[in-house]
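As stored in protein11.pdb (PDB, C-alpha atoms, pLDDT in the B column):
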ATOM      1  CA  MET A   1       0.000   0.000   0.000  1.00 43.00           C
ATOM      2  CA  LYS A   2       2.831   2.438   0.760  1.00 43.00           C
ATOM      3  CA  ALA A   3       4.378   1.804  -2.663  1.00 41.00           C
ATOM      4  CA  ALA A   4       1.090   2.576  -4.447  1.00 43.00           C
ATOM      5  CA  GLY A   5       0.697   5.783  -2.468  1.00 44.00           C
ATOM      6  CA  ARG A   6       4.164   6.991  -3.480  1.00 44.00           C
ATOM      7  CA  ALA A   7       3.440   6.317  -7.203  1.00 43.00           C
ATOM      8  CA  THR A   8       0.250   8.305  -7.100  1.00 44.00           C
ATOM      9  CA  GLN A   9       2.070  11.237  -5.487  1.00 49.00           C
ATOM     10  CA  ARG A  10       4.785  11.186  -8.217  1.00 48.00           C
ATOM     11  CA  ASP A  11       2.160  11.194 -10.990  1.00 51.00           C
ATOM     12  CA  ARG A  12       0.409  14.239  -9.453  1.00 46.00           C
ATOM     13  CA  THR A  13       3.713  16.050  -9.143  1.00 43.00           C
ATOM     14  CA  SER A  14       4.597  15.273 -12.770  1.00 47.00           C
ATOM     15  CA  ARG A  15       1.258  16.584 -13.988  1.00 49.00           C
ATOM     16  CA  LEU A  16       1.730  19.808 -12.015  1.00 41.00           C
ATOM     17  CA  LEU A  17       5.224  20.280 -13.421  1.00 42.00           C
ATOM     18  CA  GLY A  18       3.995  19.629 -16.943  1.00 46.00           C
ATOM     19  CA  ALA A  19       1.193  22.167 -16.561  1.00 44.00           C
ATOM     20  CA  ALA A  20       3.622  24.749 -15.241  1.00 43.00           C
ATOM     21  CA  ALA A  21       5.900  24.161 -18.208  1.00 42.00           C
ATOM     22  CA  VAL A  22       3.008  24.700 -20.603  1.00 37.00           C
ATOM     23  CA  VAL A  23       2.143  28.034 -18.915  1.00 38.00           C
ATOM     24  CA  VAL A  24       5.753  29.211 -19.160  1.00 38.00           C
ATOM     25  CA  LEU A  25       5.906  28.158 -22.814  1.00 37.00           C
ATOM     26  CA  LEU A  26       2.694  30.011 -23.651  1.00 37.00           C
ATOM     27  CA  ALA A  27       3.919  33.150 -21.877  1.00 41.00           C
ATOM     28  CA  SER A  28       7.208  33.064 -23.769  1.00 43.00           C
ATOM     29  CA  THR A  29       5.410  32.643 -27.093  1.00 40.00           C
ATOM     30  CA  ALA A  30       3.137  35.619 -26.360  1.00 40.00           C
ATOM     31  CA  CYS A  31       6.128  37.871 -25.605  1.00 38.00           C
ATOM     32  CA  GLU A  32       7.841  36.967 -28.896  1.00 44.00           C
ATOM     33  CA  ALA A  33       4.648  37.639 -30.839  1.00 42.00           C
ATOM     34  CA  GLY A  34       4.467  41.214 -29.384  1.00 42.00           C
ATOM     35  CA  LYS A  35       7.847  42.301 -30.755  1.00 43.00           C
ATOM     36  CA  GLY A  36       6.231  43.765 -33.913  1.00 41.00           C
ATOM     37  CA  ASP A  37       4.379  46.450 -31.922  1.00 41.00           C
ATOM     38  CA  GLY A  38       6.105  49.686 -30.884  1.00 39.00           C
ATOM     39  CA  PRO A  39       8.566  52.061 -32.594  1.00 36.00           C
ATOM     40  CA  ASP A  40       8.814  50.139 -35.868  1.00 37.00           C
ATOM     41  CA  ASP A  41       5.079  50.499 -36.505  1.00 33.00           C
ATOM     42  CA  SER A  42       5.044  54.242 -35.759  1.00 31.00           C
ATOM     43  CA  THR A  43       7.908  54.880 -38.251  1.00 28.00           C
ATOM     44  CA  ALA A  44       5.965  53.126 -40.950  1.00 32.00           C
ATOM     45  CA  THR A  45       2.922  55.352 -40.466  1.00 29.00           C
ATOM     46  CA  ASP A  46       5.129  58.476 -40.541  1.00 35.00           C
ATOM     47  CA  ARG A  47       6.482  57.719 -44.028  1.00 32.00           C
ATOM     48  CA  PRO A  48       4.998  60.059 -46.626  1.00 35.00           C
ATOM     49  CA  GLY A  49       2.463  58.491 -48.888  1.00 37.00           C
ATOM     50  CA  ALA A  50       2.697  58.374 -52.639  1.00 35.00           C
ATOM     51  CA  THR A  51       0.855  61.692 -53.030  1.00 34.00           C
ATOM     52  CA  ASP A  52       3.320  63.491 -50.744  1.00 36.00           C
ATOM     53  CA  SER A  53       6.274  62.491 -52.899  1.00 35.00           C
ATOM     54  CA  ALA A  54       4.943  64.192 -56.054  1.00 33.00           C
ATOM     55  CA  PRO A  55       7.088  67.194 -57.162  1.00 34.00           C
ATOM     56  CA  ALA A  56       5.755  70.692 -56.597  1.00 35.00           C
ATOM     57  CA  GLY A  57       4.205  72.439 -59.575  1.00 32.00           C
ATOM     58  CA  THR A  58       1.762  70.057 -61.123  1.00 29.00           C
ATOM     59  CA  SER A  59       0.161  70.481 -64.514  1.00 26.00           C
ATOM     60  CA  SER A  60      -2.761  72.357 -63.008  1.00 29.00           C
ATOM     61  CA  ALA A  61      -0.435  74.954 -61.505  1.00 29.00           C
ATOM     62  CA  GLU A  62       1.776  75.498 -64.542  1.00 32.00           C
ATOM     63  CA  PRO A  63       1.044  78.530 -66.758  1.00 33.00           C
ATOM     64  CA  ASP A  64      -0.291  77.507 -70.134  1.00 36.00           C
ATOM     65  CA  GLY A  65      -0.153  80.968 -71.731  1.00 35.00           C
ATOM     66  CA  SER A  66      -3.892  81.285 -72.150  1.00 34.00           C
ATOM     67  CA  GLY A  67      -4.067  83.951 -69.438  1.00 35.00           C
ATOM     68  CA  SER A  68      -1.588  86.294 -71.132  1.00 33.00           C
ATOM     69  CA  PRO A  69      -3.125  88.254 -74.013  1.00 32.00           C
ATOM     70  CA  ASN A  70      -1.104  88.838 -77.124  1.00 34.00           C
ATOM     71  CA  PRO A  71       0.280  92.395 -77.489  1.00 32.00           C
ATOM     72  CA  THR A  72      -2.097  94.674 -79.359  1.00 31.00           C
ATOM     73  CA  GLY A  73       0.203  97.680 -79.652  1.00 33.00           C
ATOM     74  CA  GLY A  74       0.586  97.205 -83.377  1.00 31.00           C
ATOM     75  CA  SER A  75      -2.874  98.434 -84.200  1.00 29.00           C
ATOM     76  CA  SER A  76      -3.281 100.914 -81.353  1.00 29.00           C
ATOM     77  CA  SER A  77       0.108 102.548 -81.865  1.00 28.00           C
ATOM     78  CA  THR A  78      -0.852 103.725 -85.329  1.00 26.00           C
ATOM     79  CA  ALA A  79      -4.445 104.612 -84.596  1.00 27.00           C
ATOM     80  CA  GLY A  80      -3.566 107.964 -83.034  1.00 28.00           C
ATOM     81  CA  HIS A  81      -1.598 109.267 -86.016  1.00 26.00           C
ATOM     82  CA  GLY A  82      -3.319 111.305 -88.644  1.00 29.00           C
ATOM     83  CA  GLY A  83      -2.655 110.500 -92.253  1.00 31.00           C
ATOM     84  CA  GLY A  84      -1.139 112.820 -94.849  1.00 39.00           C
ATOM     85  CA  ASP A  85      -1.101 116.500 -93.971  1.00 51.00           C
ATOM     86  CA  ALA A  86      -4.376 116.529 -92.053  1.00 58.00           C
ATOM     87  CA  LYS A  87      -4.709 117.012 -88.315  1.00 57.00           C
ATOM     88  CA  ALA A  88      -6.679 114.565 -86.189  1.00 56.00           C
ATOM     89  CA  ASP A  89      -9.642 117.001 -86.406  1.00 64.00           C
ATOM     90  CA  GLY A  90      -9.472 117.023 -90.204  1.00 68.00           C
ATOM     91  CA  THR A  91      -7.778 120.394 -90.776  1.00 91.00           C
ATOM     92  CA  ALA A  92      -4.914 120.567 -93.234  1.00 96.00           C
ATOM     93  CA  VAL A  93      -1.517 122.220 -92.940  1.00 97.00           C
ATOM     94  CA  CYS A  94      -1.609 125.758 -94.319  1.00 97.00           C
ATOM     95  CA  ALA A  95       0.188 125.776 -97.652  1.00 96.00           C
ATOM     96  CA  GLU A  96       1.936 128.768 -99.180  1.00 97.00           C
ATOM     97  CA  ALA A  97      -0.969 129.383-101.576  1.00 97.00           C
ATOM     98  CA  ASP A  98      -3.497 129.395 -98.700  1.00 96.00           C
ATOM     99  CA  LEU A  99      -1.992 132.443 -96.982  1.00 98.00           C
ATOM    100  CA  SER A 100      -1.291 136.131 -97.425  1.00 98.00           C
ATOM    101  CA  TYR A 101       1.727 137.740 -95.756  1.00 98.00           C
ATOM    102  CA  ALA A 102       2.468 141.012 -93.955  1.00 98.00           C
ATOM    103  CA  THR A 103       5.312 142.630 -91.997  1.00 98.00           C
ATOM    104  CA  THR A 104       4.685 145.429 -89.488  1.00 98.00           C
ATOM    105  CA  ASP A 105       7.307 147.667 -87.899  1.00 98.00           C
ATOM    106  CA  GLN A 106       6.783 148.036 -84.126  1.00 98.00           C
ATOM    107  CA  ASP A 107       9.377 150.765 -83.509  1.00 97.00           C
ATOM    108  CA  GLU A 108       8.845 154.525 -83.320  1.00 95.00           C
ATOM    109  CA  PRO A 109       9.094 156.431 -86.595  1.00 93.00           C
ATOM    110  CA  GLY A 110      12.687 157.434 -87.232  1.00 92.00           C
ATOM    111  CA  ASP A 111      14.117 154.759 -84.903  1.00 94.00           C
ATOM    112  CA  GLN A 112      16.199 151.855 -86.150  1.00 93.00           C
ATOM    113  CA  VAL A 113      13.923 149.027 -87.200  1.00 96.00           C
ATOM    114  CA  ARG A 114      14.491 146.213 -84.729  1.00 97.00           C
ATOM    115  CA  HIS A 115      11.077 144.826 -83.752  1.00 98.00           C
ATOM    116  CA  LEU A 116       8.823 143.349 -86.407  1.00 98.00           C
ATOM    117  CA  LEU A 117       5.536 141.453 -86.433  1.00 98.00           C
ATOM    118  CA  LEU A 118       5.203 138.761 -89.084  1.00 98.00           C
ATOM    119  CA  THR A 119       1.580 137.935 -89.961  1.00 98.00           C
ATOM    120  CA  VAL A 120       0.032 135.195 -92.073  1.00 98.00           C
ATOM    121  CA  THR A 121      -3.685 135.304 -92.903  1.00 98.00           C
ATOM    122  CA  ASN A 122      -5.798 132.412 -94.144  1.00 98.00           C
ATOM    123  CA  ALA A 123      -6.812 133.686 -97.565  1.00 98.00           C
ATOM    124  CA  GLY A 124      -8.523 130.434 -98.597  1.00 96.00           C
ATOM    125  CA  ASN A 125     -12.010 129.099 -98.000  1.00 96.00           C
ATOM    126  CA  LYS A 126     -11.053 126.192 -95.691  1.00 97.00           C
ATOM    127  CA  THR A 127      -9.642 126.018 -92.171  1.00 98.00           C
ATOM    128  CA  CYS A 128      -5.929 125.203 -92.002  1.00 98.00           C
ATOM    129  CA  THR A 129      -3.206 125.067 -89.369  1.00 98.00           C
ATOM    130  CA  VAL A 130       0.159 126.836 -89.122  1.00 98.00           C
ATOM    131  CA  TYR A 131       2.733 124.769 -87.209  1.00 97.00           C
ATOM    132  CA  GLY A 132       5.828 125.586 -85.216  1.00 97.00           C
ATOM    133  CA  TYR A 133       7.594 128.852 -85.939  1.00 98.00           C
ATOM    134  CA  PRO A 134       8.785 130.674 -89.065  1.00 98.00           C
ATOM    135  CA  ARG A 135      12.271 129.722 -90.141  1.00 98.00           C
ATOM    136  CA  VAL A 136      13.520 133.186 -90.872  1.00 98.00           C
ATOM    137  CA  GLN A 137      16.564 134.092 -92.956  1.00 98.00           C
ATOM    138  CA  LEU A 138      17.513 137.788 -92.911  1.00 98.00           C
ATOM    139  CA  GLY A 139      19.304 138.586 -96.143  1.00 96.00           C
ATOM    140  CA  ALA A 140      20.400 136.335 -98.966  1.00 94.00           C
ATOM    141  CA  ASP A 141      23.823 135.802 -97.412  1.00 91.00           C
ATOM    142  CA  ALA A 142      22.602 134.636 -93.993  1.00 93.00           C
ATOM    143  CA  GLN A 143      24.317 131.416 -92.941  1.00 90.00           C
ATOM    144  CA  VAL A 144      21.772 130.233 -90.356  1.00 93.00           C
ATOM    145  CA  PRO A 145      18.119 130.971 -89.568  1.00 96.00           C
ATOM    146  CA  VAL A 146      17.226 133.420 -86.823  1.00 97.00           C
ATOM    147  CA  ALA A 147      17.297 131.744 -83.401  1.00 97.00           C
ATOM    148  CA  LEU A 148      14.030 130.673 -81.766  1.00 98.00           C
ATOM    149  CA  ILE A 149      12.720 132.011 -78.451  1.00 98.00           C
ATOM    150  CA  LYS A 150      11.846 128.616 -76.984  1.00 97.00           C
ATOM    151  CA  ASP A 151       9.849 130.047 -74.091  1.00 98.00           C
ATOM    152  CA  SER A 152       7.317 131.413 -76.573  1.00 98.00           C
ATOM    153  CA  ASP A 153       5.910 127.950 -77.327  1.00 97.00           C
ATOM    154  CA  PRO A 154       2.075 128.243 -77.145  1.00 96.00           C
ATOM    155  CA  LYS A 155       1.805 124.419 -76.750  1.00 95.00           C
ATOM    156  CA  ALA A 156      -0.740 124.226 -79.570  1.00 95.00           C
ATOM    157  CA  PRO A 157      -0.460 125.119 -83.269  1.00 96.00           C
ATOM    158  CA  ALA A 158      -2.403 128.058 -84.691  1.00 97.00           C
ATOM    159  CA  THR A 159      -5.536 126.800 -86.463  1.00 98.00           C
ATOM    160  CA  LEU A 160      -7.006 129.446 -88.757  1.00 98.00           C
ATOM    161  CA  ALA A 161     -10.497 129.683 -90.161  1.00 98.00           C
ATOM    162  CA  PRO A 162     -10.808 131.686 -93.395  1.00 98.00           C
ATOM    163  CA  GLY A 163      -9.825 135.297 -92.687  1.00 98.00           C
ATOM    164  CA  GLU A 164      -8.055 134.538 -89.377  1.00 98.00           C
ATOM    165  CA  GLU A 165      -4.371 135.268 -88.814  1.00 98.00           C
ATOM    166  CA  ALA A 166      -1.339 133.974 -86.937  1.00 98.00           C
ATOM    167  CA  ASN A 167       1.550 136.132 -85.769  1.00 98.00           C
ATOM    168  CA  ALA A 168       5.219 135.722 -84.903  1.00 98.00           C
ATOM    169  CA  ALA A 169       7.429 138.433 -83.414  1.00 98.00           C
ATOM    170  CA  LEU A 170      10.839 138.994 -84.987  1.00 98.00           C
ATOM    171  CA  LEU A 171      13.775 140.799 -83.387  1.00 98.00           C
ATOM    172  CA  VAL A 172      16.151 141.598 -86.246  1.00 97.00           C
ATOM    173  CA  SER A 173      18.956 143.060 -84.141  1.00 95.00           C
ATOM    174  CA  GLY A 174      19.860 142.241 -80.563  1.00 92.00           C
ATOM    175  CA  GLY A 175      22.617 144.820 -80.112  1.00 84.00           C
ATOM    176  CA  GLN A 176      25.406 142.364 -80.931  1.00 78.00           C
ATOM    177  CA  ARG A 177      28.580 143.104 -82.887  1.00 79.00           C
ATOM    178  CA  ASP A 178      29.291 142.044 -86.475  1.00 85.00           C
ATOM    179  CA  THR A 179      26.276 143.779 -87.933  1.00 92.00           C
ATOM    180  CA  ASP A 180      25.237 143.367 -91.520  1.00 95.00           C
ATOM    181  CA  GLU A 181      22.598 144.647 -93.899  1.00 96.00           C
ATOM    182  CA  ALA A 182      19.663 142.514 -94.990  1.00 97.00           C
ATOM    183  CA  HIS A 183      17.636 143.381 -98.089  1.00 97.00           C
ATOM    184  CA  SER A 184      15.151 140.553 -97.696  1.00 97.00           C
ATOM    185  CA  ILE A 185      13.152 138.577 -95.153  1.00 98.00           C
ATOM    186  CA  SER A 186      12.719 134.966 -96.209  1.00 98.00           C
ATOM    187  CA  VAL A 187      10.450 132.553 -94.304  1.00 98.00           C
ATOM    188  CA  VAL A 188       9.932 128.793 -94.577  1.00 98.00           C
ATOM    189  CA  LEU A 189       6.718 127.346 -93.098  1.00 98.00           C
ATOM    190  CA  GLN A 190       6.970 124.180 -91.030  1.00 97.00           C
ATOM    191  CA  GLY A 191       4.935 121.032 -91.535  1.00 96.00           C
ATOM    192  CA  ARG A 192       2.909 119.077 -89.007  1.00 94.00           C
ATOM    193  CA  ARG A 193       5.694 116.561 -88.367  1.00 93.00           C
ATOM    194  CA  HIS A 194       8.707 117.763 -86.419  1.00 88.00           C
ATOM    195  CA  GLY A 195      11.478 118.822 -88.782  1.00 89.00           C
ATOM    196  CA  SER A 196       9.281 118.833 -91.890  1.00 95.00           C
ATOM    197  CA  THR A 197       8.518 121.825 -94.114  1.00 96.00           C
ATOM    198  CA  ALA A 198       5.273 123.011 -95.685  1.00 97.00           C
ATOM    199  CA  SER A 199       6.698 125.529 -98.146  1.00 97.00           C
ATOM    200  CA  GLY A 200       9.758 126.783 -99.913  1.00 97.00           C
ATOM    201  CA  PRO A 201      11.308 130.146 -99.008  1.00 97.00           C
ATOM    202  CA  ILE A 202       8.634 132.875 -98.976  1.00 98.00           C
ATOM    203  CA  ASP A 203       9.609 136.542 -99.333  1.00 98.00           C
ATOM    204  CA  PHE A 204       7.878 138.672 -96.730  1.00 98.00           C
ATOM    205  CA  PRO A 205       7.466 142.408 -97.440  1.00 97.00           C
ATOM    206  CA  MET A 206      10.297 144.627 -96.223  1.00 97.00           C
ATOM    207  CA  PRO A 207       9.307 147.334 -93.723  1.00 95.00           C
ATOM    208  CA  GLY A 208      10.213 150.591 -95.405  1.00 88.00           C
ATOM    209  CA  ALA A 209      12.497 151.263 -98.309  1.00 85.00           C
ATOM    210  CA  GLY A 210      15.912 150.668 -96.806  1.00 88.00           C
ATOM    211  CA  PRO A 211      17.748 147.529 -95.722  1.00 96.00           C
ATOM    212  CA  LEU A 212      17.578 146.135 -92.186  1.00 97.00           C
ATOM    213  CA  THR A 213      20.565 146.280 -89.872  1.00 96.00           C
ATOM    214  CA  VAL A 214      20.901 142.739 -88.490  1.00 96.00           C
ATOM    215  CA  ASP A 215      23.258 140.835 -86.202  1.00 95.00           C
ATOM    216  CA  ASP A 216      23.597 137.512 -84.425  1.00 92.00           C
ATOM    217  CA  GLY A 217      21.248 138.632 -81.669  1.00 95.00           C
ATOM    218  CA  GLY A 218      18.140 138.196 -83.820  1.00 96.00           C
ATOM    219  CA  ARG A 219      15.264 136.136 -82.338  1.00 98.00           C
ATOM    220  CA  VAL A 220      11.842 134.882 -83.453  1.00 98.00           C
ATOM    221  CA  THR A 221       8.804 133.443 -81.656  1.00 98.00           C
ATOM    222  CA  TYR A 222       6.438 130.614 -82.461  1.00 98.00           C
ATOM    223  CA  TRP A 223       3.322 131.302 -84.490  1.00 98.00           C
ATOM    224  CA  MET A 224       0.397 132.290 -82.260  1.00 98.00           C
ATOM    225  CA  THR A 225      -2.898 134.027 -82.828  1.00 97.00           C
ATOM    226  CA  PRO A 226      -2.645 136.947 -80.331  1.00 96.00           C
ATOM    227  CA  SER A 227      -0.270 139.536 -81.806  1.00 97.00           C
ATOM    228  CA  GLY A 228       0.245 141.246 -78.453  1.00 97.00           C
ATOM    229  CA  LEU A 229       1.373 138.009 -76.819  1.00 97.00           C
ATOM    230  CA  ALA A 230       3.951 137.402 -79.522  1.00 98.00           C
ATOM    231  CA  LEU A 231       5.344 140.948 -79.190  1.00 98.00           C
ATOM    232  CA  ASP A 232       5.694 140.590 -75.426  1.00 98.00           C
ATOM    233  CA  PHE A 233       8.653 138.274 -76.022  1.00 98.00           C
ATOM    234  CA  ILE A 234      10.750 140.828 -77.953  1.00 98.00           C
ATOM    235  CA  MET A 235       9.711 144.372 -77.032  1.00 97.00           C
ATOM    236  CA  SER A 236      11.900 144.419 -73.920  1.00 95.00           C
ATOM    237  CA  LEU A 237      14.956 143.249 -75.882  1.00 94.00           C
TER     238      LEU A 237
END
Rewritten as structure tokens:
Amino acid sequence: MKAAGRATQRDRTSRLLGAAAVVVLLASTACEAGKGDGPDDSTATDRPGATDSAPAGTSSAEPDGSGSPNPTGGSSSTAGHGGGDAKADGTAVCAEADLSYATTDQDEPGDQVRHLLLTVTNAGNKTCTVYGYPRVQLGADAQVPVALIKDSDPKAPATLAPGEEANAALLVSGGQRDTDEAHSISVVLQGRRHGSTASGPIDFPMPGAGPLTVDDGGRVTYWMTPSGLALDFIMSL
């Protein structure tokens, strides 16, 4: 009986040891299976997805040129220019045959003739415009035209209806040395475009019978309609 009792006790002990071993084995297996959780998983979720790796500036953001209009300066740049010799309002440049000419002495009788008023009158039946200033040559031997008084610019050309006149003041002598005698006053009319001409040399009437005493101090104003305004630029000289 004692031997049977000892065998039964050994079997119970063996079963308990076997059960304990199974528990330890299961616990060890569970720990190994949990190694995949933790930092490695968080790094994987932080990696940028496929959409984040696309380069900046996609096709929808690139300019395709449709928003930039083509330059239109070609047509607009020429639209503001009048054609031929007509102004934008339709008036033509006064030609030599459209005008009559006069010269008036502004000095006291008996004094040396120094201050003159040059006048052109529209003798035609259509409105025309006189541009710039008269290019005056005093005497046939003059080397250069009379100098312009730039401050006399009226900022707008003189447009003349039939019968209206434009005036320019002419100082023939400024008190300089190297005087000479001039037996003629020749004027060239300017065209609408800068530097162009609208006539050949035109002989204006001489004031009085004798020649003019001229020098390098001569000056002339722009054409303007008020005669008094033109004379204001030379009468104090």
- Atomic separation - CA of His115 in chain A relative to CA of Leu160 in chain A, Å: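 Separating CA of Leu160 in chain A from CA of His115 in chain A is a distance of 24.3 Å.
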Checklist entry - What is the distance between CA of Gly200 in chain A and CA of Val188 in chain A, in Å to one decimal? => result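 We find that CA of Gly200 in chain A and CA of Val188 in chain A lie 5.7 Å from each other.
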What separation in Å, quoted to one decimal, exists between CA of Pro157 in chain A and CA of Gly191 in chain A?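 Between CA of Pro157 in chain A and CA of Gly191 in chain A the gap is 10.7 Å.
Using the PyMOL selection byres ((chain A and resi 98) around 7) on the file at hand returns these residues: Cys94, Ala95, Glu96, Ala97, Leu99, Asn122, Ala123 and Gly124 of chain A.
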**Asked** Which residues, written as a VMD selection string, have at least one atom at most 12 Å from range 195-197 of chain A, with all atoms listed in the file counted and residues fewer than 6 positions away on the same chain left out?
**Response** chain A and resid 85 93 to 96 130 to 135 187 to 189
Using the chain letters and numbers from the file, give me the residues hit by the PyMOL selection byres ((chain A and resi 215-226) around 8), as a VMD selection string.
chain A and resid 130 to 134 136 146 to 150 152 to 154 157 to 158 165 to 180 213 to 214 227 to 230 233 to 234
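When all atoms listed in the file are used to compute distances to Ala182 in chain A, the closest of the residues A:Ala209, A:Ala161, A:Ala142, A:His194 turns out to be A:Ala142.
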Next item on the list: Scan for residues within 8 Å of the point (19.9, 149.8, -94.4) in the coordinates of the file, using all atoms listed in the file, and reply as a PyMOL selection string.
Entry: chain A and resi 181-183+210-213
